[in-house]
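Student: To start, I am sharing the structure in question, which I have written as structure tokens.
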Amino acid sequence: EERARDDRVRGSLVVVHVDRRWEREERCCEISQERLAHRGRDGEAARPRARQLERERERPRRGVALLESRLRSMRLRTERMGDDGNCQFRALAHGLFGDQDQHWRVRDACVTHMVDPKRRGEYEVFFGDDFDEYATSMANPRTWGDELTLRACSDAFQCVIHVVQSTAENWYLVYEPRVANEGDGGKEGRWRRRLFLTYVSPVHYNSFERLEGSS
């Protein structure tokens, strides 16, 4: 019962974070409705947007429940990361250094790896002339990480990254290093570090660990 209660608490924390994302847009809809009513109209034009926001808000809620159910079935638990825009890098830092506050180190390493002339072409192909703008933005704190930064982290730190998602399909992803570090003769060694992340689509990354007593 105590473990179940803890799971509900962790789930509620994630939902709180999800709720914050939509508060501003919901307020915009409320203002729009007030303005329309003030003009003698009934606000019908704003209601479809409000309904759309509610559907979008409900999707992460369902995803949280599904994700937590998957983790429990595998005897895993969520390790909560801060929700300041650095969550992906926090989760990666938690796995690499045991300290999510080292997220800036992971971000710096990922961006440095992507702009390295030897590696740039692997990432530039997705952006063309906009790649420099993307890299500059990604170097700034609070810029959300994406699939490319997961790839860059795997390559830069030579680690395997496991991601369990809240999506209904394709919910388990693995990122393995595509390049070998200099000085290893160009051979892929045994990757000793494995990082474990969860992703509440489309808003938040956490990490996960085994429950105590699990083998």
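Ligands are numbered from 1 in the order shown, chains are lettered A, B, ... in the order of the structure tokens, and residues start at 1 in each chain.
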Neighbouring residues of Leu76 (chain A) were defined as those with any atom within 10 Å, considering only C-alpha atoms; residues of the same chain fewer than 3 positions away were excluded. Please report them as a list in words.
Tutor: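 With the cut-off at 10 Å, the set is Glu68, Ser69, Arg70, Leu71, Arg72, Ser73, Glu79, Phe208, Glu209, Arg210, Leu211, Glu212 and Ser214 of chain A.
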Student: Measuring atom to atom with only C-alpha atoms, identify which of A:Ile161, A:Arg47, A:Tyr175, A:Ala139 is nearest to Asp108 (chain A).
Tutor: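 Looking at the shortest contact to Asp108 (chain A), the residue is A:Ala139.
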Student: According to DSSP computed on the backbone, where in region 50-106 of chain A is there strand (DSSP E or B)? Give the residues as number ranges by chain.
Tutor: A: 76-79
